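Enquirer: I'd like to ask some things about the structure below.
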Amino acid sequence: MFYYGAAYYPEHRTEKEWLKDIDLMEKAGVNSLRIAEFAWKRLEPSEGKYDFSWLEKFIDLAWKKKITSLVCPPMRTAPAWLVEKHPDVLIVNENGVTLEYGSRYTFCINNPNLFKRGLALAEMMAKKFDSHPGVCGWHLDNEYADEPDCHCDICRRKWQNWLKKNYDGIEALNKKWGTVFWGIEFDSFSQVPTPKFSKTFHNPGLTQAWRRFVSDCNVELVGLHAKAVRQHSKNKHVTTNFQTWNPRTDYFSQQKNLDICGTNYYPPYGTENFSYSLGLTNCRSYKKRPFQVHELRNGPHLVPGKPNNTPAPGEIEKLAVHAIANGADGLYYFAWRGVPYGIEQSHGTLIRHDGNPGKTYEECAKVGNRLKKIGKMIEGLAVPAEVGIFNDFQSWWMMDKKCPEWTGPNGMFRDLLDKIHFAIRKNGYQCDTLDRKSNFNEYKVLVAPFLTAFDDSLSKKILDFIEHGGTFIAHPLFGMKNTDSEIYPARLEPLIAKVLGLKLGEYATSGANESINFSWEEKIYKSSLFYEFPELPRNSEIHAKFAEGRFKGLPAAIEIKHGKGKFIFLTCFPEDKFYEIFFEQTLKKYNVNKILEGKIPEGVEISERRAKNTRLLFCINHSNTYKNVPLPGHFYDIWNDEKLKDKIPLKPYQARIVILSNHLSK
Ligand SMILES: [Zn+2]
C-alpha cells in the first residue's frame with residue numbers, strides 16, 4: 001500500500017476530538033498514521049505496569065475507517081520514574097555536565113537500564129498489536145542519533161572495550177594514532193579517554209575512532225530495538241526516520257536493521273533551487289530502494305520573521321509529488337493537528353489548533369485522493385541512476401569541524417556534495433549517493449567530492465571500477481589519509497598513486513572568497529580553497545589549466561587513462577557554474593543516459609521511476625512562472641488526469657506524472 005497520512009498524537013486529544021480528526025482524515029484520503037513515539041509514560045505509567053488500552057481504542061477507531069497505524073515503540077524519551085530509579089541513564093556531555101531530565105533525547109544510548117526497559121516495552125507493544133489488522137508496521141523511536149555524544153562511565157568503558165576489539169593491543173593503537181605526538185602514549189586501554197572537552201584538539205586517530213564507535217553504538221541499539229519488535233511481529237515492516245544531514249550514524253550500515261528506510265523532509269518554500277532533494281537521494285540510496293518520508297513539511301510554522309515559510313498555492317501538492325519522484329513510497333506529514341502545548345505549538349500542521357481544516361488541508365486532501373487512485377501504480381518503482389556521488393561517512397567524519405586535521409570551512413563536506421548533486425540533477429540526470437561498501441559496478445560515472453579516508457580494499461575497488469570502463473572524478477584531498485587519520489607520505493594512497501602514476505607535488509590554499517581563475521573549453525571559471533599541482537602522469541591529458549598568477553599554465557583538470565576507463569582529477573574546487581557545464585558535457589561524453597533529451601527549463605526538475613513495463617516521467621515546476629518541457633507525441637498525465645500533446649506545460653508550482661515509453665532515452 002502507498003501509505004499516506006501524518007504524525008498523530010492521540011495522547012494529546014480527547015476521544016471526541018479523535019473522531020472529528022479521523023473523519024477529516026478519511027475525507028483527505030489518509031490511510032496511515034505514525035503514532036506513539038513520545039508516549040512511553042502513557043504506555044508504561046510505572047515500571048512494568050503497561051496500559052495499552054487507550055492506544056488500542058484509537059487504533060480500533062482509525063481502523064474502522066481503514067486508516068492504519070505505523071506504531072512507534074519509544075526509546076529515547078523515557079518517563080521520569082526511570083530517571084528517578086536510575087539517574088545514570090542521563091547523558092554526560094563533552095563538558096562533563098549531566099543533562100537535565102525534561103527535554104528530549106537526554107538519554108545515554110549505551111545505558112543497560114534504558115535498554116532493558118525500552119526493549120521490554122517494544123516487545124510488549126509488538127506482542128499486543130502484531131495481530132491487529134489496523135497496525136501496518138513499526139517505526140522505531142524517532143530521529144535516532146539526534147542527541148549529543150555521551151561521556152559517562154558506561155560509555156567510557158564501552159569505548160575502551162571497543163578499542164580493545166578493534167586494535168591489536170595498546171602498542172598497535174599508539175602506533176596507528178601516533179600518540180607519540182604531544183607525548184600521550186598509553187600503557188593500557190583503560191587510560192584512553194573519550195574526546196571530552198580539553199585544552200584543544202584530541203588526537204585525530206582518536207576522534208576518527210570515536211566517530212566509528214558512536215556510529216556502531218547507534219547501529220547496535222537500533223538493531224536491538226528491531227530485534228525486540230521482530231520477536232513478536234514477523235510480517236510487518238520495520239522502519240525509522242533518518243536525519244540524512246546528521247553524521248552521527250553511518251546510515252549505509254544502519255539501513256541493514258530496517259525493512260524500509262525513512263527520513264524527515266522540511267525544504268524551504270518559494271525557491272527554484274531544489275538542491276534540498278539531496279536528502280531524498282540519500283535516503284533512497286542507503287538501501288537503493290524506495291523509502292518513506294516520515295515527516296513531510298506542510299503549512300507555515302507560526303514563527304514571526306521566518307523566511308521561506310509559507311507555501312504558495314500548489315506548493316504543498318508539488319512537494320508531495322517531488323518526494324515521490326525521488327523515490328518515496330509513503331508520505332506522512334508532520335503533524336496532523338496543531339499541538340496545544342509543549343515546545344512544538346508553532347509547527348506547521350494540516351489542521352489548525354481549533355480542529356478545523358484550512359488551505360493546507362485542502363491541498364493535502366487533493367494529494368491523498370489522487371494517491372488513492374494511482375498510488376498502486378507508483379509503489380515499488382525504482383529510480384534508476386547511472387551516476388553515483390560519494391557520501392562516505394568515514395570521510396565525512398574526517399572533514400568534521402571537531403577533527404583537528406583538515407577542517408576547512410564549516411560544512412565543506414556537505415556543501416560540495418550538495419553542489420555536485422544539484423548540478424547533475426539540474427542537467428536532467430538522476431544520481432545516487434554511495435559509500436565505500438556500495439556496489440560501484442552499478443554506475444558508469446562515480447564522483448568523489450571528498451573521499452579522503454582510505455584503506456587497501458577501497459583503492460582496489462576504485463581501480464577495478466576504472467579498469468573495467470568506469471569514469472571516476474576526484475577532487476583534492478582524495479585518498480590523502482588512512483582510516484586512522486594518518487597522512488600517507490606522498491599524500492595519496494600508495495596503490496592508487498602507483499597504478500595511476502599520479503604524483504602529487506606542490507599545493508596551495510586560499511580562502512573561500514579568494515579565487516584563482518582557470519580555463520576550461522576556452523571559458524574562465526573561478527576556483528578556491530585548495531590547489532594541487534601534480535606531476536603529469538603517463539597516459540594523461542590536461543583538460544583545464546590555471547589562467548593566472550604563479551599557477552598559470554599548471555593543470556586544473558587532468559584525465560588519466562587506466563584499463564578501459566578514465567580517472568579525472570580536478571585539482572581545485574571550482575565554482576557552481578563550472579559544475580553545471582562540466583557535468584553536462586562529461587556525462588554525455590561517458591555515455592550516461594539522460595532522463596529526457598533536450599534542455600530542461602530553469603526551475604524544472606525531471607525524474608523517472610520505472611519497472612519492467614512501467615515508466616513514469618515526473619516533471620516538477622519549482623518556480624512561480626509558466627514553463628514548457630518540449631516532448632513530441634501524445635501523452636497522458638496520470639496525476640492531473642489530462643491528455644498532453646507535443647509538450648508538457650507546467651503552471652507555477654505544478655507537478656505532472658506522465659506515462660511514457662518511447663520518448664525517454666534508453
Ligand atoms: Zn553514556
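Quick note on naming: the chains in the C-alpha cells go A, B, ... in the order shown, residues restart at 1 in each chain, and ligands are numbered from 1 in order of appearance.
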Collect all residues with atoms no farther than 6 Å from ligand 1, counting only C-alpha atoms and all ligand atoms, and output them as a PyMOL selection string.
Expert: chain A and resi 91+108+110+150-152+154-155
Enquirer: Pick out the residues sitting within 7 Å of segment 516-524 of chain A, and hand them over as a list in words; count only C-alpha atoms, and ignore anything fewer than 4 positions along from it in its own chain.
Expert: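 My list of contacting residues is Ser528, His543, Ala544, Lys545, Phe546, Ala547, Glu548 and Ala556 of chain A.
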Enquirer: Lys236 of chain A: which residues within 9 Å, counting only C-alpha atoms, same-chain residues fewer than 4 positions away excluded, as a list of chain:residue names?
Expert: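 Non-adjacent residues within range: A:Asp130, A:Val135, A:Cys136, A:Gly137, A:Trp138, A:Arg230.
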Enquirer: Can you write out as a tab-separated table which residues of segment 284-368 of chain A fall within 8 Å of segment 4-12 of chain A, alongside each residue's closest atom pair and its distance in Å to one decimal, counting only C-alpha atoms and ordering rows by chain and ascending residue number?
Expert:
residue	atom	partner	partner_atom	distance
A:His294	CA	A:Ala6	CA	7.8
A:Glu295	CA	A:Ala7	CA	7.4
A:Gly330	CA	A:Tyr4	CA	5.8
A:Leu331	CA	A:Tyr4	CA	4.9
A:Tyr332	CA	A:Ala6	CA	4.1
A:Tyr333	CA	A:Ala6	CA	4.2
A:Phe334	CA	A:Ala7	CA	5.4
A:Ala335	CA	A:Ala7	CA	4.8
A:Trp336	CA	A:Ala6	CA	5.4
A:Arg337	CA	A:Tyr8	CA	7.4
A:Val339	CA	A:His12	CA	7.6
A:Pro340	CA	A:His12	CA	7.8
A:Gly368	CA	A:Tyr4	CA	6.6
Enquirer: Store the residues picked out above in a file with all heavy atoms, as a short mmCIF file (atom, residue, chain, number, x, y, z; two decimals), in the first residue's frame.
Expert:
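Listed below is the output, out-v8.cif:
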data_model
loop_
_atom_site.label_atom_id
_atom_site.label_comp_id
_atom_site.auth_asym_id
_atom_site.auth_seq_id
_atom_site.Cartn_x
_atom_site.Cartn_y
_atom_site.Cartn_z
N HIS A 294 8.78 10.25 6.71
CA HIS A 294 8.01 10.14 7.95
C HIS A 294 7.60 11.48 8.54
O HIS A 294 6.77 11.54 9.43
CB HIS A 294 8.80 9.32 8.98
CG HIS A 294 8.92 7.88 8.58
ND1 HIS A 294 10.12 7.22 8.52
CD2 HIS A 294 7.99 6.99 8.17
CE1 HIS A 294 9.92 5.98 8.12
NE2 HIS A 294 8.64 5.82 7.88
N GLU A 295 8.26 12.53 8.08
CA GLU A 295 7.84 13.88 8.47
C GLU A 295 7.98 14.75 7.24
O GLU A 295 9.10 15.07 6.83
CB GLU A 295 8.70 14.44 9.61
CG GLU A 295 8.50 13.70 10.91
CD GLU A 295 9.17 14.39 12.09
OE1 GLU A 295 9.56 15.57 11.97
OE2 GLU A 295 9.33 13.73 13.13
N GLY A 330 5.78 6.41 0.45
CA GLY A 330 4.94 6.62 1.62
C GLY A 330 5.20 8.04 2.11
O GLY A 330 6.35 8.47 2.14
N LEU A 331 4.12 8.77 2.43
CA LEU A 331 4.28 10.16 2.88
C LEU A 331 3.48 10.37 4.16
O LEU A 331 2.28 10.09 4.20
CB LEU A 331 3.76 11.15 1.82
CG LEU A 331 4.37 11.12 0.42
CD1 LEU A 331 3.63 12.10 -0.49
CD2 LEU A 331 5.85 11.47 0.46
N TYR A 332 4.15 10.84 5.20
CA TYR A 332 3.48 11.18 6.45
C TYR A 332 3.82 12.65 6.76
O TYR A 332 5.00 12.99 6.91
CB TYR A 332 3.98 10.32 7.61
CG TYR A 332 3.64 8.85 7.51
CD1 TYR A 332 4.41 7.98 6.74
CD2 TYR A 332 2.56 8.32 8.21
CE1 TYR A 332 4.10 6.63 6.66
CE2 TYR A 332 2.25 6.97 8.14
CZ TYR A 332 3.01 6.12 7.36
OH TYR A 332 2.71 4.78 7.29
N TYR A 333 2.82 13.50 6.85
CA TYR A 333 3.09 14.90 7.20
C TYR A 333 3.39 15.00 8.69
O TYR A 333 2.96 14.17 9.48
CB TYR A 333 1.88 15.78 6.88
CG TYR A 333 1.65 15.94 5.40
CD1 TYR A 333 0.68 15.20 4.73
CD2 TYR A 333 2.44 16.81 4.65
CE1 TYR A 333 0.49 15.34 3.37
CE2 TYR A 333 2.25 16.96 3.29
CZ TYR A 333 1.27 16.21 2.66
OH TYR A 333 1.10 16.34 1.30
N PHE A 334 4.10 16.06 9.05
CA PHE A 334 4.23 16.39 10.47
C PHE A 334 3.62 17.76 10.65
O PHE A 334 4.13 18.73 10.12
CB PHE A 334 5.68 16.41 10.94
CG PHE A 334 5.74 16.54 12.44
CD1 PHE A 334 5.75 15.43 13.24
CD2 PHE A 334 5.72 17.80 13.03
CE1 PHE A 334 5.76 15.56 14.63
CE2 PHE A 334 5.73 17.92 14.41
CZ PHE A 334 5.75 16.80 15.20
N ALA A 335 2.62 17.87 11.41
CA ALA A 335 1.82 16.82 12.02
C ALA A 335 0.38 17.04 11.58
O ALA A 335 0.11 17.99 10.85
CB ALA A 335 1.91 16.92 13.54
N TRP A 336 -0.51 16.18 12.05
CA TRP A 336 -1.90 16.32 11.62
C TRP A 336 -2.51 17.62 12.14
O TRP A 336 -3.02 18.42 11.39
CB TRP A 336 -2.73 15.12 12.08
CG TRP A 336 -4.18 15.28 11.72
CD1 TRP A 336 -5.20 15.67 12.53
CD2 TRP A 336 -4.76 15.13 10.42
NE1 TRP A 336 -6.38 15.75 11.84
CE2 TRP A 336 -6.13 15.42 10.53
CE3 TRP A 336 -4.24 14.77 9.16
CZ2 TRP A 336 -7.00 15.37 9.44
CZ3 TRP A 336 -5.11 14.70 8.09
CH2 TRP A 336 -6.46 15.01 8.22
N ARG A 337 -2.40 17.80 13.46
CA ARG A 337 -3.14 18.91 14.06
C ARG A 337 -2.26 19.74 14.97
O ARG A 337 -1.36 19.21 15.63
CB ARG A 337 -4.30 18.31 14.88
CG ARG A 337 -5.16 19.32 15.55
CD ARG A 337 -6.45 18.68 15.99
NE ARG A 337 -7.20 19.57 16.85
CZ ARG A 337 -8.38 19.27 17.35
NH1 ARG A 337 -8.95 18.12 17.09
NH2 ARG A 337 -9.00 20.12 18.14
N VAL A 339 -0.40 21.40 17.83
CA VAL A 339 -0.19 20.86 19.18
C VAL A 339 -0.61 21.93 20.19
O VAL A 339 -0.18 23.08 20.09
CB VAL A 339 1.30 20.48 19.39
CG1 VAL A 339 1.49 19.77 20.72
CG2 VAL A 339 1.79 19.62 18.24
N PRO A 340 -1.44 21.58 21.17
CA PRO A 340 -1.97 22.61 22.08
C PRO A 340 -0.97 23.10 23.11
O PRO A 340 -1.15 24.16 23.70
CB PRO A 340 -3.15 21.91 22.74
CG PRO A 340 -2.84 20.45 22.66
CD PRO A 340 -2.02 20.25 21.44
N GLY A 368 -3.99 13.17 -1.32
CA GLY A 368 -4.42 11.89 -0.76
C GLY A 368 -5.41 11.18 -1.66
O GLY A 368 -5.31 9.97 -1.91
#
Enquirer: Point out the residue among A:Lys176, A:His562, A:Arg550, A:Lys526 with the least atom-to-atom distance to Asp464 of chain A, counting only C-alpha atoms.
Expert: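 Between A:Lys176, A:His562, A:Arg550, A:Lys526, the residue approaching Asp464 of chain A most closely is A:His562.
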Enquirer: Which is closest to Asn613 of chain A among A:Ile648, A:Val229, A:Glu467, A:Leu660, if we use only C-alpha atoms?
Expert: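 Checking each candidate against Asn613 of chain A, we get A:Leu660 as the closest.
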Enquirer: Enumerate, in order of chain and increasing residue number, the residues of segment 475-539 of chain A with an atom no farther than 6 Å from segment 565-587 of chain A, each with its shortest atom pair and distance in Å to one decimal, counting only C-alpha atoms, as CSV.
Expert:
residue,atom,partner,partner_atom,distance
A:His475,CA,A:Leu570,CA,5.1
A:Pro476,CA,A:Thr571,CA,5.6
A:Lys526,CA,A:Glu575,CA,5.5
A:Ser527,CA,A:Pro574,CA,4.1
A:Ser528,CA,A:Phe573,CA,5.6
A:Phe530,CA,A:Cys572,CA,5.7
A:Tyr531,CA,A:Cys572,CA,4.7
A:Glu532,CA,A:Thr571,CA,5.0
Enquirer: Can those selected residues be exported to a file as a tab-separated table (two decimals), in the first residue's frame so that it contains all heavy atoms?
Expert:
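Saved the output as part02.tsv:
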chain	number	residue	atom	x	y	z
A	475	HIS	N	38.58	14.99	-6.48
A	475	HIS	CA	38.96	16.35	-6.09
A	475	HIS	C	40.22	16.31	-5.20
A	475	HIS	O	40.62	15.24	-4.75
A	475	HIS	CB	37.82	17.01	-5.31
A	475	HIS	CG	36.65	17.41	-6.15
A	475	HIS	ND1	35.71	16.50	-6.57
A	475	HIS	CD2	36.27	18.62	-6.65
A	475	HIS	CE1	34.79	17.13	-7.30
A	475	HIS	NE2	35.11	18.41	-7.36
A	476	PRO	N	40.79	17.47	-4.88
A	476	PRO	CA	41.89	17.49	-3.93
A	476	PRO	C	41.51	16.81	-2.61
A	476	PRO	O	40.33	16.76	-2.26
A	476	PRO	CB	42.13	18.98	-3.70
A	476	PRO	CG	41.66	19.65	-4.94
A	476	PRO	CD	40.49	18.82	-5.41
A	526	LYS	N	36.09	30.37	-11.76
A	526	LYS	CA	36.81	30.60	-10.50
A	526	LYS	C	37.01	29.29	-9.76
A	526	LYS	O	36.18	28.38	-9.88
A	526	LYS	CB	36.00	31.53	-9.60
A	526	LYS	CG	35.91	32.95	-10.09
A	526	LYS	CD	35.01	33.72	-9.16
A	526	LYS	CE	34.80	35.11	-9.72
A	526	LYS	NZ	33.66	35.78	-9.09
A	527	SER	N	38.05	29.23	-8.95
A	527	SER	CA	38.22	28.09	-8.04
A	527	SER	C	38.74	28.62	-6.72
A	527	SER	O	39.26	29.74	-6.65
A	527	SER	CB	39.19	27.07	-8.63
A	527	SER	OG	40.48	27.63	-8.75
A	528	SER	N	38.58	27.84	-5.67
A	528	SER	CA	39.01	28.33	-4.35
A	528	SER	C	39.45	27.20	-3.43
A	528	SER	O	39.44	26.04	-3.82
A	528	SER	CB	37.87	29.12	-3.70
A	528	SER	OG	36.76	28.27	-3.53
A	530	PHE	N	41.65	25.02	-2.18
A	530	PHE	CA	42.85	24.17	-2.19
A	530	PHE	C	43.22	23.84	-3.63
A	530	PHE	O	42.35	23.59	-4.47
A	530	PHE	CB	42.55	22.88	-1.41
A	530	PHE	CG	43.78	22.11	-1.02
A	530	PHE	CD1	44.37	22.31	0.22
A	530	PHE	CD2	44.35	21.19	-1.89
A	530	PHE	CE1	45.52	21.60	0.59
A	530	PHE	CE2	45.50	20.48	-1.53
A	530	PHE	CZ	46.07	20.68	-0.29
A	531	TYR	N	44.52	23.79	-3.88
A	531	TYR	CA	45.00	23.57	-5.25
A	531	TYR	C	46.14	22.56	-5.22
A	531	TYR	O	47.09	22.72	-4.45
A	531	TYR	CB	45.51	24.88	-5.87
A	531	TYR	CG	44.54	26.02	-5.63
A	531	TYR	CD1	44.61	26.78	-4.45
A	531	TYR	CD2	43.56	26.32	-6.57
A	531	TYR	CE1	43.71	27.80	-4.21
A	531	TYR	CE2	42.66	27.35	-6.34
A	531	TYR	CZ	42.74	28.09	-5.15
A	531	TYR	OH	41.84	29.09	-4.91
A	532	GLU	N	46.03	21.54	-6.06
A	532	GLU	CA	47.10	20.55	-6.21
A	532	GLU	C	47.84	20.81	-7.52
A	532	GLU	O	47.20	21.16	-8.51
A	532	GLU	CB	46.52	19.13	-6.29
A	532	GLU	CG	46.00	18.56	-4.98
A	532	GLU	CD	47.10	18.08	-4.06
A	532	GLU	OE1	48.30	18.31	-4.35
A	532	GLU	OE2	46.75	17.49	-3.02
